[in-house]
$ cat entry-v9.txt   # compact mmCIF, C-alpha atoms
# COMPACT_ATOMS: atom_id res chain seq x y z
CA ASN A 1 -32.22 -1.30 28.31
CA GLU A 2 -30.32 -1.32 31.57
CA PRO A 3 -28.29 -4.45 32.37
CA SER A 4 -29.34 -6.88 35.04
CA TYR A 5 -28.11 -6.23 38.55
CA PHE A 6 -25.41 -8.85 38.43
CA ASP A 7 -23.94 -8.24 34.97
CA THR A 8 -20.34 -9.13 34.11
CA LYS A 9 -19.17 -5.50 33.90
CA ARG A 10 -18.70 -5.38 37.64
CA ARG A 11 -17.29 -7.78 40.14
CA PRO A 12 -20.12 -10.12 41.20
CA PRO A 13 -21.47 -9.53 44.71
CA ASN A 14 -19.93 -11.55 47.51
CA ILE A 15 -23.41 -12.35 48.84
CA ILE A 16 -26.69 -11.86 46.97
CA PRO A 17 -29.35 -10.76 49.50
CA ARG A 18 -32.35 -13.03 49.83
CA LEU A 19 -34.63 -10.02 49.83
CA PRO A 20 -36.14 -8.91 46.50
CA LEU A 21 -34.13 -6.23 44.72
CA PRO A 22 -33.79 -3.32 44.60
CA ILE A 23 -33.82 -2.55 48.30
CA PHE A 24 -34.92 0.99 49.11
CA VAL A 25 -33.75 2.00 52.58
CA LEU A 26 -36.23 4.64 53.75
CA ASN A 27 -34.41 5.82 56.87
CA MET A 28 -34.20 9.59 57.03
CA PRO A 29 -30.77 11.23 57.41
CA LYS A 30 -29.33 10.91 60.93
CA SER A 31 -30.90 7.51 61.44
CA GLY A 32 -28.09 5.10 60.67
CA THR A 33 -28.09 5.31 56.87
CA GLU A 34 -24.31 5.21 56.50
CA THR A 35 -24.07 2.20 58.80
CA ILE A 36 -26.79 0.42 56.81
CA GLN A 37 -24.90 1.12 53.59
CA GLU A 38 -21.71 -0.25 55.12
CA TYR A 39 -23.56 -3.38 56.19
CA PHE A 40 -24.67 -4.12 52.65
CA GLN A 41 -21.31 -3.14 51.19
CA CYS A 42 -19.57 -5.49 53.60
CA GLY A 43 -21.79 -8.35 52.51
CA MET A 44 -22.17 -7.63 48.81
CA GLY A 45 -19.18 -5.53 47.86
CA LYS A 46 -18.39 -1.83 47.67
CA TYR A 47 -20.25 -0.97 44.47
CA TRP A 48 -23.62 -2.57 45.21
CA ALA A 49 -24.98 -0.16 47.84
CA ALA A 50 -25.33 3.58 47.20
CA HIS A 51 -25.36 6.42 49.72
CA HIS A 52 -26.21 9.92 48.47
CA GLN A 53 -24.25 9.79 45.22
CA TYR A 54 -23.60 7.85 42.02
CA ARG A 55 -21.38 8.30 38.96
CA ASP A 56 -23.12 9.52 35.82
CA LEU A 57 -22.28 8.47 32.24
CA GLU A 58 -19.37 10.92 32.19
CA GLY A 59 -17.97 9.46 35.38
CA GLU A 60 -18.86 12.52 37.48
CA LEU A 61 -20.35 12.19 40.95
CA ASP A 62 -23.96 13.33 41.11
CA GLU A 63 -26.68 13.32 43.75
CA LEU A 64 -29.10 10.41 43.64
CA ALA A 65 -31.97 12.65 44.73
CA ILE A 66 -31.62 14.99 41.74
CA CYS A 67 -31.68 12.04 39.34
CA GLU A 68 -34.59 10.43 41.16
CA LEU A 69 -36.69 13.59 41.29
CA GLU A 70 -36.28 14.11 37.55
CA ASN A 71 -37.45 10.55 36.94
CA VAL A 72 -40.44 10.83 39.26
CA VAL A 73 -41.55 14.16 37.75
CA ASN A 74 -41.32 12.66 34.27
CA ASP A 75 -43.05 9.41 35.28
CA ARG A 76 -40.04 7.20 34.73
CA PRO A 77 -38.70 4.46 37.04
CA MET A 78 -37.21 6.33 39.99
CA VAL A 79 -33.64 5.04 39.83
CA GLU A 80 -33.40 4.66 36.05
CA GLY A 81 -30.04 6.03 34.98
CA CYS A 82 -29.08 6.74 38.61
CA GLY A 83 -26.43 4.04 38.88
CA ARG A 84 -27.19 0.35 38.86
CA PHE A 85 -27.22 -0.45 42.56
CA ALA A 86 -28.97 -3.20 44.44
CA VAL A 87 -29.41 -1.10 47.59
CA TYR A 88 -30.18 2.62 47.88
CA THR A 89 -29.61 4.28 51.27
CA ASP A 90 -30.10 7.94 52.17
CA ALA A 91 -31.00 9.03 48.65
CA GLY A 92 -32.55 12.28 49.94
CA TYR A 93 -31.10 15.71 49.31
CA MET A 94 -31.84 19.46 49.38
CA TRP A 95 -30.46 21.80 46.75
CA LYS A 96 -30.87 25.03 44.82
CA ASP A 97 -31.65 24.63 41.14
CA ASP A 98 -31.20 27.48 38.65
CA ASP A 99 -32.17 25.28 35.68
CA ASP A 100 -35.90 25.30 36.41
CA ASP A 101 -38.15 25.94 33.41
CA ASP A 102 -40.74 27.51 35.71
CA ASN A 103 -38.21 29.96 37.08
CA HIS A 104 -38.29 33.26 35.18
CA ASN A 105 -36.69 35.64 37.65
CA GLY A 106 -33.18 34.21 37.71
CA ASP A 107 -33.41 33.04 41.32
CA LYS A 108 -32.30 29.57 42.24
CA GLN A 109 -35.24 27.38 43.20
CA LYS A 110 -35.05 25.43 46.45
CA LYS A 111 -35.84 21.77 45.96
CA CYS A 112 -35.81 18.60 48.00
CA PHE A 113 -36.45 14.94 47.36
CA TYR A 114 -36.70 12.06 49.83
CA PRO A 115 -37.89 8.65 48.56
CA GLY A 116 -39.96 7.89 51.66
CA VAL A 117 -41.83 11.18 51.21
CA HIS A 118 -41.93 11.71 47.46
CA GLY A 119 -41.17 8.37 45.82
CA LEU A 120 -43.43 5.66 47.23
CA GLU A 121 -46.03 5.73 44.45
CA ASN A 122 -43.29 5.54 41.83
CA ILE A 123 -41.67 2.59 43.60
CA ALA A 124 -44.97 0.71 43.72
CA LYS A 125 -45.60 1.41 40.03
CA TYR A 126 -42.19 0.60 38.60
CA TYR A 127 -40.66 -1.68 41.25
CA PRO A 128 -43.72 -3.56 42.54
CA ARG A 129 -41.67 -6.45 43.94
CA ALA A 130 -38.91 -4.38 45.51
CA THR A 131 -38.05 -4.27 49.21
CA LEU A 132 -38.76 -1.31 51.47
CA LEU A 133 -36.43 -1.36 54.47
CA HIS A 134 -37.13 1.01 57.35
CA LEU A 135 -35.24 0.93 60.64
CA PRO A 136 -36.74 3.90 62.52
CA ARG A 137 -34.60 5.61 65.11
CA ASN A 138 -35.84 6.71 68.52
CA THR A 139 -37.78 9.88 67.76
CA THR A 140 -36.17 12.08 70.42
CA GLU A 141 -32.67 11.03 69.40
CA TRP A 142 -33.47 11.57 65.71
CA ILE A 143 -34.68 15.10 66.41
CA GLN A 144 -31.68 15.96 68.59
CA SER A 145 -29.19 14.54 66.11
CA SER A 146 -30.89 16.32 63.21
CA ARG A 147 -30.90 19.63 65.08
CA ASN A 148 -27.18 19.30 65.80
CA HIS A 149 -26.18 18.28 62.26
CA HIS A 150 -25.97 21.42 60.11
CA ARG A 151 -29.41 22.53 61.40
CA ILE A 152 -30.98 19.99 59.09
CA LEU A 153 -34.47 20.37 60.58
CA ASP A 154 -34.38 24.11 59.86
CA ARG A 155 -33.36 23.30 56.31
CA TYR A 156 -36.29 20.89 55.99
CA ASP A 157 -38.50 23.87 56.84
CA ASP A 158 -36.73 26.09 54.34
CA TYR A 159 -36.39 23.64 51.43
CA CYS A 160 -39.22 21.17 52.00
CA GLY A 161 -41.88 23.15 53.86
CA GLY A 162 -41.34 20.92 56.87
CA PHE A 163 -42.77 18.17 54.66
CA ARG A 164 -46.22 19.70 54.99
CA ASN A 165 -48.42 19.18 51.94
CA GLY A 166 -46.26 16.20 51.00
CA GLY A 167 -43.14 18.35 51.07
CA ASN A 168 -44.12 20.10 47.86
CA ILE A 169 -45.06 23.54 49.18
CA ARG A 170 -42.68 25.70 51.19
CA THR A 171 -44.12 27.83 53.98
CA ASN A 172 -42.73 30.33 56.45
CA GLN A 173 -43.88 28.21 59.38
CA THR A 174 -41.24 26.91 61.78
CA THR A 175 -41.69 23.30 62.83
CA THR A 176 -41.32 22.69 66.57
CA ASP A 177 -39.76 19.56 68.04
CA LYS A 178 -43.22 18.31 69.01
CA MET A 179 -44.39 18.79 65.44
CA TRP A 180 -41.34 16.94 64.15
CA ALA A 181 -42.04 14.08 66.57
CA ASP A 182 -45.62 13.85 65.31
CA TRP A 183 -44.43 13.96 61.71
CA TYR A 184 -41.74 11.30 62.19
CA GLU A 185 -43.98 8.85 64.05
CA LYS A 186 -47.52 9.51 62.84
CA GLN A 187 -46.91 10.63 59.28
CA TYR A 188 -43.58 9.41 57.96
CA THR A 189 -43.20 6.00 59.60
CA ALA A 190 -46.93 5.32 59.79
CA ARG A 191 -47.42 6.28 56.13
CA ILE A 192 -44.63 3.97 54.96
CA ARG A 193 -46.09 1.16 57.04
CA GLU A 194 -49.59 1.64 55.66
CA PHE A 195 -48.33 2.07 52.12
CA ALA A 196 -46.49 -1.23 52.28
CA ARG A 197 -49.59 -2.97 53.68
CA SER A 198 -51.71 -1.68 50.82
CA HIS A 199 -49.19 -2.78 48.17
CA PRO A 200 -48.64 -6.45 49.03
CA PRO A 201 -46.27 -7.30 46.16
CA LEU A 202 -43.74 -5.07 47.96
CA THR A 203 -41.66 -6.67 50.69
CA TYR A 204 -41.58 -4.52 53.83
CA VAL A 205 -39.02 -4.88 56.62
CA GLU A 206 -39.15 -2.74 59.76
CA SER A 207 -37.20 -3.04 63.01
CA PRO A 208 -36.04 -0.50 65.63
CA LEU A 209 -32.62 0.91 64.77
CA GLU A 210 -31.42 0.94 68.39
CA ASP A 211 -32.30 -2.70 69.05
CA PHE A 212 -28.96 -3.84 67.68
CA GLU A 213 -29.28 -7.50 68.62
CA ALA A 214 -32.81 -8.08 67.34
CA THR A 215 -32.38 -5.95 64.22
CA GLY A 216 -29.02 -7.53 63.45
CA LYS A 217 -30.48 -11.02 63.71
CA LEU A 218 -33.46 -10.04 61.56
CA LEU A 219 -31.29 -8.58 58.81
CA GLU A 220 -28.99 -11.58 58.80
CA GLU A 221 -31.97 -13.92 58.60
CA LEU A 222 -33.62 -11.99 55.77
CA THR A 223 -30.55 -11.07 53.73
CA GLY A 224 -28.07 -13.85 54.44
CA ILE A 225 -25.44 -11.22 55.27
CA PRO A 226 -23.87 -11.90 58.70

$ encode --input "entry-v9.txt" --output "structure tokens"
Amino acid sequence: NEPSYFDTKRRPPNIIPRLPLPIFVLNMPKSGTETIQEYFQCGMGKYWAAHHQYRDLEGELDELAICELENVVNDRPMVEGCGRFAVYTDAGYMWKDDDDDDNHNGDKQKKCFYPGVHGLENIAKYYPRATLLHLPRNTTEWIQSSRNHHRILDRYDDYCGGFRNGGNIRTNQTTTDKMWADWYEKQYTARIREFARSHPPLTYVESPLEDFEATGKLLEELTGIP
């Protein structure tokens, strides 16, 4: 059994958020995830909010997404064994995996995992009273930033099929900026919103990322972290 969040093996958090734990931050990359992690680290302490990586049992850094995908595929709680954090931000990742049992030709398989795309059902099943936090960025700015950052939108096409078919089937189709805008607003954000509404034990928090004053006040009110 995993220990409780606030066990004595780590320094207790400076501030315990008022929101139910764990908190899954569903912002896509290039939408303030590092800043959100820093906010929770500032309030709680360095080791209570994760961003991309965690340390495994051998003390080696590993990607949260790889651990989470393995759990989801095997119908286990998504963050079981993926570090004992209270807040998970930007847990998505794309990688090539040569340890795939279905791979018989020696080629590395392209994989991707993003909790807001692939993990919602698992969260509802195993963390029914968790918090989903989504601070969507302006769509145009998200697209531009993602295009300029290591061609991440092209990599979504290559590794995740542009998130068509739930992101599980890769295609040769190139996703245009208009298609990405439709996906970000009408599929990704809208799906998270509707999913939270249909699973009322979950706590859902949404506020525009760029509205610093309103979003800052909302987070402080809900978490107790100034």

$ closest_residue --input "entry-v9.txt" --among "A:Val87, A:Ile225, A:Met44, A:Met28" --to "Trp142 (chain A)" --atoms "all atoms listed in the file"
A:Met28

$ closest_atom_pairs --input "entry-v9.txt" --of "region 13-94 of chain A" --to "region 177-192 of chain A" --cutoff "12 Å" --atoms "all atoms listed in the file" --output "Markdown table"
| residue | atom | partner | partner_atom | distance |
| --- | --- | --- | --- | --- |
| A:Phe24 | CA | A:Ile192 | CA | 11.7 |
| A:Val25 | CA | A:Ile192 | CA | 11.3 |
| A:Leu26 | CA | A:Ile192 | CA | 8.5 |
| A:Asn27 | CA | A:Thr189 | CA | 9.2 |
| A:Met28 | CA | A:Tyr184 | CA | 9.3 |
| A:Pro29 | CA | A:Tyr184 | CA | 12.0 |
| A:Ser31 | CA | A:Tyr184 | CA | 11.5 |

$ write_last_selection --input "entry-v9.txt" --atoms "C-alpha atoms" --output "short mmCIF file (atom, residue, chain, number, x, y, z; two decimals), keeping the file's coordinate frame"
data_model
loop_
_atom_site.label_atom_id
_atom_site.label_comp_id
_atom_site.auth_asym_id
_atom_site.auth_seq_id
_atom_site.Cartn_x
_atom_site.Cartn_y
_atom_site.Cartn_z
CA PHE A 24 -34.92 0.99 49.11
CA VAL A 25 -33.75 2.00 52.58
CA LEU A 26 -36.23 4.64 53.75
CA ASN A 27 -34.41 5.82 56.87
CA MET A 28 -34.20 9.59 57.03
CA PRO A 29 -30.77 11.23 57.41
CA SER A 31 -30.90 7.51 61.44
#

$ atom_distance --input "entry-v9.txt" --atom1 "CA of Asp75 (chain A)" --atom2 "CA of Phe113 (chain A)"
14.8 Å

$ atom_distance --input "entry-v9.txt" --atom1 "CA of Tyr88 (chain A)" --atom2 "CA of Thr223 (chain A)"
14.9 Å

$ residues_around --input "entry-v9.txt" --residues "Val205 (chain A)" --least-positions-apart "4" --cutoff "10 Å" --atoms "only C-alpha atoms" --output "MDAnalysis selection string"
chainID A and resid 19 25 131:135 193 196 218:219 222

$ closest_residue --input "entry-v9.txt" --among "A:Gly224, A:Gly59, A:Gly83, A:Pro77" --to "Gly43 (chain A)" --atoms "all atoms listed in the file"
A:Gly224

$ closest_residue --input "entry-v9.txt" --among "A:Lys108, A:His150, A:Arg84, A:Arg76" --to "Glu121 (chain A)" --atoms "all atoms listed in the file"
A:Arg76

$ atom_distance --input "entry-v9.txt" --atom1 "CA of Glu68 (chain A)" --atom2 "CA of Ile123 (chain A)"
10.8 Å

$ closest_residue --input "entry-v9.txt" --among "A:Glu213, A:Glu70, A:Glu63, A:Asp157" --to "Gly119 (chain A)" --atoms "only C-alpha atoms"
A:Glu70

$ closest_residue --input "entry-v9.txt" --among "A:Lys46, A:Thr35, A:Ala86, A:Ala124" --to "Pro17 (chain A)" --atoms "all atoms listed in the file"
A:Ala86

$ closest_residue --input "entry-v9.txt" --among "A:Gly92, A:Pro128, A:Pro208, A:Gly116" --to "Pro22 (chain A)" --atoms "only C-alpha atoms"
A:Pro128

$ axis_aligned_box --input "entry-v9.txt" --around "region 86-89 of chain A" --padding-each-side "5 Å" --output "lines of an AutoDock Vina configuration file"
center_x = -29.6
center_y = 0.5
center_z = 47.9
size_x = 11.2
size_y = 17.5
size_z = 16.8

$ residues_around --input "entry-v9.txt" --residues "Asp56 (chain A)" --least-positions-apart "5" --cutoff "12 Å" --atoms "only C-alpha atoms" --output "PDB file with C-alpha atoms, keeping the file's coordinate frame"
ATOM      1  CA  LEU A  61     -20.350  12.190  40.950  1.00  0.00           C
ATOM      2  CA  ASP A  62     -23.960  13.330  41.110  1.00  0.00           C
ATOM      3  CA  GLU A  63     -26.680  13.320  43.750  1.00  0.00           C
ATOM      4  CA  LEU A  64     -29.100  10.410  43.640  1.00  0.00           C
ATOM      5  CA  ILE A  66     -31.620  14.990  41.740  1.00  0.00           C
ATOM      6  CA  CYS A  67     -31.680  12.040  39.340  1.00  0.00           C
ATOM      7  CA  GLU A  80     -33.400   4.660  36.050  1.00  0.00           C
ATOM      8  CA  GLY A  81     -30.040   6.030  34.980  1.00  0.00           C
ATOM      9  CA  CYS A  82     -29.080   6.740  38.610  1.00  0.00           C
ATOM     10  CA  GLY A  83     -26.430   4.040  38.880  1.00  0.00           C
ATOM     11  CA  ARG A  84     -27.190   0.350  38.860  1.00  0.00           C
TER      12      ARG A  84
END
